[in-house]
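Participant: Pasting in a structure now, in structure tokens, and then I'll have a few things to ask.
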Number of protein chains: 2
Amino acid sequence: LNSKSIGVIGVGAMGMGVAESLLRAGYRTYVRDIVAERMSQAEKLGAIPCASPAAMARDVEAIIILVVDAAQVEEVLFGIDGAAAALASGSTVIVSSTLAPDYVEALVLRLAERQLGMLDAPVSGGPMRAKTGTMTAMVAGETNIYQRYTDLLTKITGKVFYLGTAAGTASKVKLVNNLIAGVNLVAAAEAMALAIRIGLNPRTVFDVVNESSGASWVFRDRITRVLEGDYEPRAALPILTKDLSLSLELARAHDFRLPLGEQAHQVFAASAASPFGAEDDAAIIKYYQSLTGINLPTTE
Amino acid sequence: LNSKSIGVIGVGAMGMGVAESLLRAGYRTYVRDIVAERMSQAEKLGAIPCASPAAMARDVEAIIILVVDAAQVEEVLFGIDGAAAALASGSTVIVSSTLAPDYVEALVLRLAERQLGMLDAPVSGGPMRAKTGTMTAMVAGETNIYQRYTDLLTKITGKVFYLGTAAGTASKVKLVNNLIAGVNLVAAAEAMALAIRIGLNPRTVFDVVNESSGASWVFRDRITRVLEGDYEPRAALPILTKDLSLSLELARAHDFRLPLGEQAHQVFAASAASPFGAEDDAAIIKYYQSLTGINLPTTE
């Protein structure tokens with residue numbers, strides 16, 4: 001067994017998978033979530049639930065943050081019963097949420113004032129790969145801190161890219177990746193919706209595209225769900241909507257236009273505001289259904 | 001050796017690869033192209049050059065057409081010294097160019113009037129895979145004609161999807177695939193250009209994206225060329241510009257909007273009209289360079 005005690009804040013779709021991987025690797029794993037049910041679920045797997053981020057902070061040497069956005073990061077680190085004030089000097093905060101790079105750049109300085117180390121360490125791959133520990137981690141931060149947690153990061157993700165000492169770099173690469181993933185997903189939905197509209201068999205189109213120049217990771221992963229009529233949220237639609245929005249802000253701050261990113265974000269934003277807005281992001285295809293009345297495959 | 005005599009009309013990027021695969025499989029292979037140099041090149045590989053499509057038609061039992069567009073198909077089949085009037089009754093025309101489905105639907109009837117069979121058989125994968133016979137073919141047409149040429153199609157592409165008897169179906173699936181490929185390519189270029197703009201190392205971003213949710217066949221294939229500064233046309237930029245245009249027309253005819261397809265086509269059309277408009281379609285990234293002055297990797 002591994003003697004290290006590690007905390008995971010945010011055991012939603014991604015955090016639960018990370019907690020499972022930590023437990024599998026033998027880490028003493030603490031969890032904290034605002035949804036009590038999620039903590040019970042993690043507890044059944046062997047994790048230790050915590051009453052607050054501060055309570056967790058007193059027992060662990062590193063905290064992995066997998067909450068949704070910057071507002072939640074602020075809350076769990078600097079809010080009432082936040083972790084930052086309770087962590088021992090020299091502890092590490094591993095920030096794995098997808099956040100604006102300038103926020104991450106400021107965060108490393110704020111934590112350093114309290115003698116806390118930080119890794120900018122977003123992950124990619126989605127909940128299923130989080131569960132099996134086969135994601136990709138992009139990591140930036142001080143070399144010695146990175147070295148201390150390379151093994152842990154490899155255990156929870158499988159594949160780690162170290163991108164240098166400057167915190168924020170990994171968040172930038174993550175946003176570039178998610179910009180592509182977001183556009184590819186809208187492209188997949190738009191094209192499959194067209195295929196259905198013109199009378200093609202969606203299963204056949206799926207098989208052909210996967211073996212042709214239109215193949216993408218997102219196409220295979222999300223269109224599988226569309227063909228099964230399964231919109232149970234793994235990666236909920238608002239997540240990628242937010243990531244695309246962060247990509248657009250990043251581009252804007254550098255006087256750079258993203259014509260495709262903007263258009264994809266429009267489709268995401270319209271979908272997020274719709275009746276299917278809390279479903280899996282594969283439900284993006286329902287945007288096209290709502291405009292044209294096409295029949296999508298169902299679970300039956 | 002295979003006793004069948006087969007003709008290839010249009011031995012450009014794709015047709016040359018198909019001719020090579022036919023020769024490798026032992027077919028007596030005839031070639032025709034308006035560029036004499038291409039015929040000489042094919043002749044060196046063992047193909048027999050023809051003075052016209054009609055001259056070819058007198059010696060072969062099937063013709064594979066791999067010209068650029070419908071205007072060229074009209075020319076080689078029905079123009080002066082066209083193949084249609086010279087082909088023996090019962091011969092087959094295998095149409096592998098990417099064309100509008102309604103044109104293909106009409107073509108099968110026009111050829112049937114002359115007792116000629118037709119397969120709607122577009123291919124996907126690009127020149128490199130054409131050369132090695134590892135493309136994907138989408139095929140629609142009468143079952144008995146399909147069966148007669150299944151082996152040939154497998155030899156030149158590696159993977160064949162039979163999509164039913166109705167000619168036009170394969171062309172529709174091809175346009176759906178290329179819509180996705182076209183959008184994915186603009187997404188890849190846009191995101192890599194952003195990465196360079198914000199100071200990231202493009203090689204590192206390439207490595208991460210290939211292992212993350214942004215991965216796609218087009219991203220890996222075309223961004224490899226961008227990283228090598230190699231814009232020598234394999235798939236020239238106007239080809240996918242035309243395919244996206246055909247996808248938009250297809251959608252319009254079915255009262256269906258393609259917001260991402262339209263935006264990607266805009267970027268393609270602007271690029272095709274630019275000084276780099278005849279380069280490889282990986283040069284789409286130069287559209288973003290022309291707007292922002294980013295430094296792209298060079299061959300040195």
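Naming works like this for the structure tokens: A, B, ... for the chains as they're shown, residue 1 at the start of each chain, ligands 1 onward in shown order.
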Hey, what's within 6 Å of segment 8-20 of chain B if we count only C-alpha atoms and toss same-chain stuff fewer than 5 positions away? As number ranges by chain, please?
Facilitator: B: 31-33, 63-67, 127, 130-131, 156
Participant: Within 9 Å of Ala62 of chain B, counting only C-alpha atoms, which residues show up once you throw out same-chain ones fewer than 4 positions away? Write them as a count of residues only, please.
Facilitator: 11
Participant: Can you list, as a list in words, every protein, DNA or RNA residue that comes within 12 Å of segment 110-114 of chain B when you count only C-alpha atoms, leaving out same-chain residues fewer than 6 positions away?
Facilitator: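 Neighbouring residues, sequence-local ones excluded: Glu74, Leu77, Phe78, Ala83, Ala84, Ala85, Ala86, Leu87, Ala88, Ser89, Gly90, Ser91, Thr92, Val93, Ile94, Val95, Tyr103, Val104, Gly141, Glu142 and Ala167 of chain B.
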Participant: With a cut-off of 6 Å and counting only C-alpha atoms, select all residues of chain B in contact with chain A and give the selection as an NGL selection string.
Facilitator: :B and (124-125 or 176-177 or 180-181 or 184 or 187 or 191 or 209 or 212-217)
Participant: At what distance in Å, to one decimal, does atom CA of Ala235 of chain B lie from atom CA of Asp280 of chain B?
Facilitator: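 Distance reported for this atom pair: 5.5 Å.
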Participant: Run DSSP on the backbone and tell me which residues of segment 59-88 of chain B come out as strand (DSSP E); list them as a PyMOL selection string.
Facilitator: chain B and resi 62-65
